[in-house]
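S.K.: This structure is in structure tokens; I'll ask about it shortly.
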Amino acid sequence: MPTAKGDAASGSGRFAAWLRRRIGLILVFVALFLLWEYAVKIFGIKEYLLPPPTRIWTEFLKRWPTVMAGAWITGQEIVGGYLLAVVVSIPLALAVVRWRFVEESLYPVIVFLQIIPKIAIAPLFIIWFGFGFGPKLLIVFLLCFFPIVVSSVAGFKSLDPDVMDFARTTGAGGLRLFLKIRLPQALPGIFTGLKVGAALAATAAVVAEFVASDRGLGYLLQQYNGQLETPMVFATIVLLSIMGLVVYYAVEWLERLVIPWHVSQRPNDVTGI
Amino acid sequence: MSSFLSAQRRPEGAGPGTGPAGDAIAGVPVLFDGVGQTFRTGGRVTRALERVDLEVEAGEFVAILGPSGCGKSTLMKIAAGLIAPSEGQVSIGGTVVRGPWTKLGVVFQSPVLLDWRNVLDNVLVQLELRGIDPAAYRDRAHALLRSVGLEGFADRMPRELSGGMRQRTAIVRGLIHDPPLLMMDEPFGALDALTREQMRIDLEKLWLSRRQTTLFITHGISEAVALADRVVVMTPRPGRIDRIIPIDLPRPRNKAVISSARFTATCDEITELFMKNGVIQY
Ligand SMILES: Nc1ncnc2c1ncn2[C@@H]1O[C@H](COP(=O)(O)OP(=O)(O)OP(=O)(O)O)[C@@H](O)[C@H]1O
Ligand SMILES: [Mg+2]
């Protein structure tokens with residue numbers, strides 16, 4: 001990200017710089033909303049088909065307590081399932097690269113299971129674990145788990161042979177080698193997986209709630225849909241997107257914090273706000 | 001740029017193979033005994049080295065000179081125990097090398113810095129990986145960095161450096177722990193001619209004061225002659241020792257020595273060897 005060094009010190013200066021950089025994007029958004037708003041009015045499109053943005057907003061303001069309560073539930077599923085995936089995946093990836101027999105026995109099974117469409121087995125979870133919070137957590141976990149394991153394993157394996165040669169001349173081994181050489185080299189790969197997982201978490205939670213639930217944003221979405229309350233459908237979708245974005249950018253922020261040396265080497269990504 | 005000498009003081013009793021600060025350390029002899037190397041990758045067979053026999057004395061400075069691809073880097077990695085030779089063996093100080101040899105300092109052909117550490121920490125990692133407290137070496141690291149012209153760059157990240165600066169960081173990393181054996185693979189390869197000359201002078205000073213056994217790989221004829229006690233001239237691949245040329249020019253190899261007729265004659269002699277092998281064609 002091209003940050004101007006000069007005005008980085010002052011907050012308002014930084015905001016002005018950000019505004020200048022993103023002015024095009026902001027204009028596109030504003031134009032899109034205006035187009036949407038007036039197109040709906042001019043062409044007389046029915047509200048249950050496509051409500052104008054202002055209508056979505058006013059409807060949301062009226063009924064936000066219900067929606068926010070749903071968001072609280074869904075948010076817990078997203079964050080809980082994701083964190084569970086993180087704490088299981090990374091140690092598992094470590095075990096795969098550490099012990100050959102794990103790599104040869106367990107890892108192929110994991111890679112094979114990854115092929116199964118996870119969403120298709122969501123109904124099974126209801127049969128097995130019922131309607132509560134647990135099965136939703138598990139579905140989020142399941143969707144996030146695979147990309148994190150696979151990327152982390154790849155990360156731990158992508159060792160620069162020259163760096164390893166240097167490390168070997170020092171005689172370092174065990175924990176010292178791991179912490180000072182192997183882990184830093186693996187972090188970019190691990191974060192790739194963490195970001196893919198983060199992007200999937202919100203989808204997973206909603207799908208889980210679609211399958212069977214009596215609360216949460218996924219449940220509300222189905223209710224609103226059934227009653228043709230299209231403005232609320234839109235409001236819920238926007239809220240879900242925002243929650244997905246927050247999780248994703250939280251991980252990206254962590255990445256910048258933990259491996260700045262890698263992040264700054266990468267070409268600018270388009271999503272970078 | 002000051003010399004490596006100013007950076008010579010190092011913490012007492014620390015580091016492998018070191019005596020009290022200032023004393024010449026006991027270099028170790030290195031013996032290559034019929035070393036041969038064949039690489040097999042995906043059905044391709046490359047004969048890289050052919051029967052290399054060489055005795056490097058304790059404290060000797062040996063330059064290994066040969067055309068690109070003749071197996072110099074391979075030879076160094078075999079000596080460092082990073083590659084197991086297909087034939088023969090290397091012994092260091094009477095011990096056969098069977099795995100990575102750690103009582104040494106290595107400078108690889110490419111800098112091989114750690115992207116996640118700044119210049120100073122890239123130097124100090126040499127000690128950290130050896131389980132030595134790096135704090136005691138900070139002054140020495142700064143002095144060495146100053147001597148290679150990296151003063152003020154200690155907190156830069158590798159990506160902020162030029163290729164030559166990265167290589168100089170790698171050189172300091174190879175020297176920081178004051179090893180009794182030094183292996184350098186074209187360490188000045190990425191440097192401009194002026195820096196190269198200064199580094200050559202500084203390396204000789206360092207070696208004169210410490211007398212660590214040094215294997216110095218290069219394809220610069222005058223660089224080899226200017227630095228070494230003996231120049232090992234290799235043939236094109238598969239690399240064999242073509243000839244070993246003792247350089248009995250006085251030290252330090254100052255301006256007068258470098259421009260002497262004997263220096264030029266020695267360089268010419270090596271050039272002719274390469275012409276005979278078809279490495280150089282006019
Ligand atoms: N790991 C490897 N696998 C297969 N072949 C290799 C390997 N390492 C080196 N070689 C081959 O061995 C030969 C010698 O390589 P080496 O790197 O030792 O040459 P060099 O003398 O250091 O060359 P340069 O001066 O260009 O650095 C080359 O032909 C190279 O292709
Ligand atoms: Mg080489």
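Each chain in the structure tokens gets a letter, A, B, ..., in the order shown, and its residues are numbered from 1; ligands are numbered from 1 in order too.
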Need to verify the contact set: Arg200 (chain B), 9 Å, only C-alpha atoms, exclusion of same-chain residues closer than 6 positions in sequence. Can you return it as number ranges by chain?
M.R.: B: 188, 223, 226-227
S.K.: Write out as a PyMOL selection string every residue belonging to chain A that has an atom at most 12 Å from any atom of chain B, counting only C-alpha atoms.
M.R.: chain A and resi 159-188+258-266
S.K.: What's the 9 Å shell around region 85-98 of chain B, counting only C-alpha atoms, without same-chain residues fewer than 5 positions away, as a ChimeraX atom specification?
M.R.: /B:27-39,50-52,58,75,78-80
S.K.: Could you write out that same residue set with all heavy atoms as a compact mmCIF listing (two decimals), in the first residue's frame?
M.R.:
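File produced: part.txt:
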# COMPACT_ATOMS: atom_id res chain seq x y z
N GLY B 27 43.77 -22.15 13.01
CA GLY B 27 42.99 -22.64 11.88
C GLY B 27 43.08 -24.16 11.85
O GLY B 27 43.93 -24.75 12.52
N VAL B 28 42.17 -24.78 11.12
CA VAL B 28 42.19 -26.23 11.04
C VAL B 28 42.56 -26.66 9.63
O VAL B 28 42.22 -25.99 8.66
CB VAL B 28 40.81 -26.83 11.40
CG1 VAL B 28 40.58 -26.81 12.89
CG2 VAL B 28 39.70 -26.10 10.67
N PRO B 29 43.28 -27.78 9.49
CA PRO B 29 43.57 -28.29 8.16
C PRO B 29 42.34 -28.95 7.55
O PRO B 29 41.51 -29.51 8.25
CB PRO B 29 44.67 -29.32 8.41
CG PRO B 29 44.47 -29.76 9.82
CD PRO B 29 43.90 -28.60 10.55
N VAL B 30 42.23 -28.85 6.23
CA VAL B 30 41.12 -29.47 5.51
C VAL B 30 41.69 -30.37 4.43
O VAL B 30 42.56 -29.95 3.66
CB VAL B 30 40.20 -28.40 4.85
CG1 VAL B 30 39.03 -29.07 4.13
CG2 VAL B 30 39.70 -27.42 5.89
N LEU B 31 41.24 -31.62 4.42
CA LEU B 31 41.78 -32.59 3.48
C LEU B 31 40.67 -33.12 2.57
O LEU B 31 39.71 -33.71 3.04
CB LEU B 31 42.41 -33.74 4.27
CG LEU B 31 43.08 -34.84 3.45
CD1 LEU B 31 44.35 -34.32 2.80
CD2 LEU B 31 43.38 -36.05 4.33
N PHE B 32 40.86 -32.89 1.27
CA PHE B 32 39.94 -33.48 0.28
C PHE B 32 40.59 -34.74 -0.25
O PHE B 32 41.72 -34.70 -0.74
CB PHE B 32 39.70 -32.51 -0.89
CG PHE B 32 39.00 -31.24 -0.51
CD1 PHE B 32 39.70 -30.17 0.02
CD2 PHE B 32 37.63 -31.12 -0.70
CE1 PHE B 32 39.06 -29.00 0.36
CE2 PHE B 32 36.98 -29.94 -0.37
CZ PHE B 32 37.68 -28.88 0.17
N ASP B 33 39.88 -35.84 -0.13
CA ASP B 33 40.48 -37.13 -0.49
C ASP B 33 39.63 -37.82 -1.57
O ASP B 33 38.61 -38.41 -1.27
CB ASP B 33 40.57 -37.99 0.78
CG ASP B 33 41.28 -39.31 0.52
OD1 ASP B 33 41.83 -39.48 -0.59
OD2 ASP B 33 41.28 -40.15 1.43
N GLY B 34 40.04 -37.66 -2.80
CA GLY B 34 39.35 -38.31 -3.92
C GLY B 34 37.88 -37.95 -4.03
O GLY B 34 37.02 -38.80 -4.30
N VAL B 35 37.57 -36.66 -3.84
CA VAL B 35 36.17 -36.25 -3.83
C VAL B 35 35.61 -36.19 -5.27
O VAL B 35 36.18 -35.55 -6.15
CB VAL B 35 36.00 -34.86 -3.16
CG1 VAL B 35 34.58 -34.34 -3.34
CG2 VAL B 35 36.35 -34.96 -1.69
N GLY B 36 34.52 -36.89 -5.49
CA GLY B 36 33.83 -36.86 -6.78
C GLY B 36 32.34 -36.67 -6.54
O GLY B 36 31.83 -37.04 -5.49
N GLN B 37 31.68 -36.05 -7.50
CA GLN B 37 30.25 -35.82 -7.31
C GLN B 37 29.49 -36.02 -8.61
O GLN B 37 29.84 -35.46 -9.64
CB GLN B 37 30.01 -34.40 -6.79
CG GLN B 37 28.56 -34.07 -6.51
CD GLN B 37 27.99 -34.89 -5.35
OE1 GLN B 37 28.68 -35.22 -4.41
NE2 GLN B 37 26.72 -35.24 -5.47
N THR B 38 28.47 -36.84 -8.56
CA THR B 38 27.57 -37.03 -9.69
C THR B 38 26.16 -36.68 -9.22
O THR B 38 25.71 -37.20 -8.21
CB THR B 38 27.59 -38.49 -10.18
OG1 THR B 38 28.95 -38.84 -10.46
CG2 THR B 38 26.76 -38.66 -11.43
N PHE B 39 25.52 -35.77 -9.94
CA PHE B 39 24.12 -35.43 -9.61
C PHE B 39 23.21 -36.22 -10.53
O PHE B 39 23.42 -36.28 -11.73
CB PHE B 39 23.85 -33.94 -9.83
CG PHE B 39 24.48 -33.06 -8.79
CD1 PHE B 39 25.56 -32.25 -9.11
CD2 PHE B 39 24.00 -33.03 -7.49
CE1 PHE B 39 26.13 -31.42 -8.16
CE2 PHE B 39 24.57 -32.21 -6.53
CZ PHE B 39 25.64 -31.40 -6.87
N GLU B 50 35.41 -34.44 -10.22
CA GLU B 50 36.15 -35.64 -10.57
C GLU B 50 37.42 -35.71 -9.71
O GLU B 50 38.27 -34.82 -9.82
CB GLU B 50 36.50 -35.56 -12.07
CG GLU B 50 37.10 -36.79 -12.68
CD GLU B 50 36.05 -37.84 -13.00
OE1 GLU B 50 35.09 -37.50 -13.71
OE2 GLU B 50 36.20 -38.97 -12.52
N ARG B 51 37.50 -36.68 -8.85
CA ARG B 51 38.72 -36.96 -8.07
C ARG B 51 39.47 -35.71 -7.61
O ARG B 51 40.59 -35.45 -8.06
CB ARG B 51 39.68 -37.81 -8.91
CG ARG B 51 39.41 -39.31 -8.86
CD ARG B 51 40.68 -40.11 -9.06
NE ARG B 51 41.59 -40.01 -7.93
CZ ARG B 51 41.46 -40.68 -6.78
NH1 ARG B 51 40.46 -41.48 -6.60
NH2 ARG B 51 42.33 -40.52 -5.83
N VAL B 52 38.90 -35.00 -6.70
CA VAL B 52 39.59 -33.83 -6.16
C VAL B 52 40.40 -34.23 -4.93
O VAL B 52 39.85 -34.70 -3.94
CB VAL B 52 38.59 -32.71 -5.79
CG1 VAL B 52 39.30 -31.56 -5.09
CG2 VAL B 52 37.87 -32.22 -7.04
N ALA B 58 46.54 -25.89 7.99
CA ALA B 58 45.94 -25.04 9.03
C ALA B 58 46.38 -23.60 8.80
O ALA B 58 47.56 -23.33 8.61
CB ALA B 58 46.38 -25.51 10.41
N LEU B 75 31.80 -28.22 -4.46
CA LEU B 75 32.97 -28.60 -3.66
C LEU B 75 32.89 -27.97 -2.27
O LEU B 75 33.15 -28.61 -1.25
CB LEU B 75 34.25 -28.16 -4.38
CG LEU B 75 35.55 -28.69 -3.80
CD1 LEU B 75 35.62 -30.22 -3.92
CD2 LEU B 75 36.76 -28.07 -4.49
N ILE B 78 30.27 -29.66 -0.19
CA ILE B 78 30.74 -30.97 0.28
C ILE B 78 31.66 -30.76 1.49
O ILE B 78 31.55 -31.45 2.50
CB ILE B 78 31.45 -31.73 -0.85
CG1 ILE B 78 30.43 -32.19 -1.90
CG2 ILE B 78 32.23 -32.92 -0.31
CD1 ILE B 78 31.04 -32.80 -3.14
N ALA B 79 32.56 -29.78 1.39
CA ALA B 79 33.49 -29.51 2.49
C ALA B 79 32.74 -29.10 3.75
O ALA B 79 33.13 -29.45 4.86
CB ALA B 79 34.49 -28.43 2.07
N ALA B 80 31.65 -28.36 3.57
CA ALA B 80 30.87 -27.90 4.73
C ALA B 80 29.93 -28.99 5.25
O ALA B 80 29.22 -28.78 6.22
CB ALA B 80 30.07 -26.65 4.36
S.K.: For each of B:Gly71, B:Gly278, B:Pro250, B:Gly220, take the minimum atom-to-atom distance to ligand 1, counting only C-alpha atoms and all ligand atoms, then give the residue where this is smallest.
M.R.: B:Gly71
S.K.: Could you list, as a ChimeraX atom specification, all residues that come within 10 Å of ligand 1? Count only C-alpha atoms and all ligand atoms.
M.R.: /B:37-42,44-49,64-78,83,108-110,185-186,189,217-219,234-239
S.K.: Which neighbours of region 195-198 of chain B fall inside 9 Å, counting only C-alpha atoms, when residues of the same chain fewer than 3 positions from it are skipped, and could you give them as a list of chain:residue names?
M.R.: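 Residues near the query, excluding close chain neighbours: B:Met1, B:Ser3, B:Val148, B:Gly149, B:Phe188, B:Gly189, B:Ala190, B:Leu191, B:Asp192, B:Ile201, B:Asp202, B:Leu203, B:Glu223.
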S.K.: Write out as an MDAnalysis selection string each polymer residue whose atoms come within 12 Å of Gln212 (chain B), counting only C-alpha atoms; drop sequence neighbours fewer than 2 positions from it.
M.R.: chainID B and resid 17:19 23:30 56:62 103:105 175 177:183 203:210 214:216
S.K.: Please save C-alpha atoms of the selected residues as a PDB file, in the first residue's frame.
M.R.:
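Result written to selection_4.pdb:
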ATOM      1  CA  GLY B  17      37.447 -22.063  18.263  1.00  0.00           C
ATOM      2  CA  THR B  18      38.447 -18.734  19.654  1.00  0.00           C
ATOM      3  CA  GLY B  19      41.306 -17.829  21.914  1.00  0.00           C
ATOM      4  CA  ASP B  23      45.305 -13.843  19.437  1.00  0.00           C
ATOM      5  CA  ALA B  24      45.561 -15.624  16.152  1.00  0.00           C
ATOM      6  CA  ILE B  25      43.151 -18.534  16.280  1.00  0.00           C
ATOM      7  CA  ALA B  26      44.281 -21.999  15.348  1.00  0.00           C
ATOM      8  CA  GLY B  27      42.991 -22.644  11.883  1.00  0.00           C
ATOM      9  CA  VAL B  28      42.185 -26.234  11.043  1.00  0.00           C
ATOM     10  CA  PRO B  29      43.574 -28.288   8.157  1.00  0.00           C
ATOM     11  CA  VAL B  30      41.116 -29.468   5.510  1.00  0.00           C
ATOM     12  CA  VAL B  56      44.710 -27.287   2.851  1.00  0.00           C
ATOM     13  CA  GLU B  57      47.041 -26.546   5.739  1.00  0.00           C
ATOM     14  CA  ALA B  58      45.943 -25.045   9.027  1.00  0.00           C
ATOM     15  CA  GLY B  59      45.739 -21.295   8.626  1.00  0.00           C
ATOM     16  CA  GLU B  60      46.240 -21.420   4.890  1.00  0.00           C
ATOM     17  CA  PHE B  61      44.380 -19.189   2.432  1.00  0.00           C
ATOM     18  CA  VAL B  62      43.427 -21.206  -0.620  1.00  0.00           C
ATOM     19  CA  LYS B 103      32.824 -24.943  13.395  1.00  0.00           C
ATOM     20  CA  LEU B 104      33.018 -22.650  10.422  1.00  0.00           C
ATOM     21  CA  GLY B 105      31.716 -19.516   8.830  1.00  0.00           C
ATOM     22  CA  LEU B 175      32.607 -13.581  10.141  1.00  0.00           C
ATOM     23  CA  HIS B 177      31.468 -15.615  15.305  1.00  0.00           C
ATOM     24  CA  ASP B 178      35.174 -15.541  14.426  1.00  0.00           C
ATOM     25  CA  PRO B 179      35.305 -19.090  13.036  1.00  0.00           C
ATOM     26  CA  PRO B 180      38.538 -21.082  12.720  1.00  0.00           C
ATOM     27  CA  LEU B 181      37.514 -22.046   9.193  1.00  0.00           C
ATOM     28  CA  LEU B 182      36.063 -19.735   6.594  1.00  0.00           C
ATOM     29  CA  MET B 183      34.426 -20.805   3.351  1.00  0.00           C
ATOM     30  CA  LEU B 203      39.801  -9.624   4.122  1.00  0.00           C
ATOM     31  CA  GLU B 204      43.551 -10.037   3.824  1.00  0.00           C
ATOM     32  CA  LYS B 205      44.074  -7.889   6.922  1.00  0.00           C
ATOM     33  CA  LEU B 206      41.559  -9.947   8.835  1.00  0.00           C
ATOM     34  CA  TRP B 207      43.182 -13.165   7.735  1.00  0.00           C
ATOM     35  CA  LEU B 208      46.664 -11.899   8.590  1.00  0.00           C
ATOM     36  CA  SER B 209      45.530 -11.185  12.127  1.00  0.00           C
ATOM     37  CA  ARG B 210      43.400 -14.280  12.691  1.00  0.00           C
ATOM     38  CA  THR B 214      40.151 -19.964   4.344  1.00  0.00           C
ATOM     39  CA  LEU B 215      38.620 -21.512   1.248  1.00  0.00           C
ATOM     40  CA  PHE B 216      37.885 -18.693  -1.139  1.00  0.00           C
TER      41      PHE B 216
END
S.K.: Let's see if you can do this: from backbone DSSP, list all alpha helix (DSSP H) residues in region 2-208 of chain A, as a ChimeraX atom specification.
M.R.: /A:11-42,53-98,100-113,122-129,133-157,161-170,174-177,183-208
S.K.: So that I can check the secondary structure, give me every residue of region 102-255 of chain B assigned strand (DSSP E) by backbone DSSP, as a list in words.
M.R.: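 Those residues are Gly105, Val106, Val107, Leu181, Leu182, Met183, Met184, Asp185, Thr213, Thr214, Leu215, Phe216, Ile217, Thr218, Arg230, Val231, Val232, Val233, Met234, Ile241, Asp242, Arg243, Ile244, Ile245 and Pro246 of chain B.
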S.K.: How would the residues just picked look written out with C-alpha atoms as an mmCIF file, in the first residue's frame?
M.R.:
data_model
loop_
_atom_site.group_PDB
_atom_site.id
_atom_site.type_symbol
_atom_site.label_atom_id
_atom_site.label_comp_id
_atom_site.auth_asym_id
_atom_site.auth_seq_id
_atom_site.Cartn_x
_atom_site.Cartn_y
_atom_site.Cartn_z
ATOM 1 C CA GLY B 105 31.716 -19.516 8.830
ATOM 2 C CA VAL B 106 30.131 -19.807 5.399
ATOM 3 C CA VAL B 107 29.354 -17.120 2.875
ATOM 4 C CA LEU B 181 37.514 -22.046 9.193
ATOM 5 C CA LEU B 182 36.063 -19.735 6.594
ATOM 6 C CA MET B 183 34.426 -20.805 3.351
ATOM 7 C CA MET B 184 33.410 -18.087 0.954
ATOM 8 C CA ASP B 185 31.717 -18.717 -2.371
ATOM 9 C CA THR B 213 41.903 -21.493 7.337
ATOM 10 C CA THR B 214 40.151 -19.964 4.344
ATOM 11 C CA LEU B 215 38.620 -21.512 1.248
ATOM 12 C CA PHE B 216 37.885 -18.693 -1.139
ATOM 13 C CA ILE B 217 35.970 -19.470 -4.312
ATOM 14 C CA THR B 218 36.178 -17.051 -7.192
ATOM 15 C CA ARG B 230 47.821 -21.141 -3.231
ATOM 16 C CA VAL B 231 45.467 -20.945 -6.162
ATOM 17 C CA VAL B 232 43.702 -24.157 -7.127
ATOM 18 C CA VAL B 233 42.851 -23.937 -10.807
ATOM 19 C CA MET B 234 39.974 -26.161 -11.877
ATOM 20 C CA ILE B 241 42.155 -29.846 -10.188
ATOM 21 C CA ASP B 242 44.095 -28.671 -13.190
ATOM 22 C CA ARG B 243 46.994 -27.177 -11.333
ATOM 23 C CA ILE B 244 47.844 -25.833 -7.905
ATOM 24 C CA ILE B 245 49.832 -22.627 -8.110
ATOM 25 C CA PRO B 246 51.688 -21.425 -5.013
#
S.K.: Record the distance separating CA of Gly70 (chain A) and CA of Leu32 (chain A), expressed in Å with one decimal.
M.R.: 28.3 Å
S.K.: Counting only C-alpha atoms, what is within 12 Å of Ile116 (chain A), bar same-chain residues fewer than 5 positions away, as a PyMOL selection string?
M.R.: chain A and resi 109-111+121-122+142-143+146
S.K.: Can you list, as a ChimeraX atom specification, every protein, DNA or RNA residue that comes within 10 Å of Val207 (chain A) when you count only C-alpha atoms, leaving out same-chain residues fewer than 5 positions away?
M.R.: /A:119,122,136,139-140,202,212,218-219
S.K.: With only C-alpha atoms as the basis for distance, which of A:Trp128, A:Tyr107, A:Tyr249, A:Phe133 is at the shortest distance from Ile73 (chain A)?
M.R.: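 For Ile73 (chain A), the nearest of the candidates is A:Phe133.
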S.K.: Please compute the CA of Val251 (chain A)-CA of Ala204 (chain A) distance, one decimal, in Å.
M.R.: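 Answer for the CA of Val251 (chain A) to CA of Ala204 (chain A) separation: 17.2 Å.
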S.K.: Could you check the closest approach to Pro91 (chain A) for each of A:Tyr224, A:Phe156, A:Trp18, A:Phe141 and tell me which residue wins, using only C-alpha atoms?
M.R.: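 For Pro91 (chain A), the nearest of the candidates is A:Phe156.
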S.K.: What separation in Å, quoted to one decimal, exists between CA of Ala224 (chain B) and CA of Ala63 (chain B)?
M.R.: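 Separating CA of Ala224 (chain B) from CA of Ala63 (chain B) is a distance of 5.5 Å.
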S.K.: Given the choices B:Tyr282, B:Leu194, B:Pro187, B:Val119, which gets closest to ligand 2 if the distance is worked out from only C-alpha atoms and all ligand atoms?
M.R.: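 Checking each candidate against ligand 2, we get B:Pro187 as the closest.
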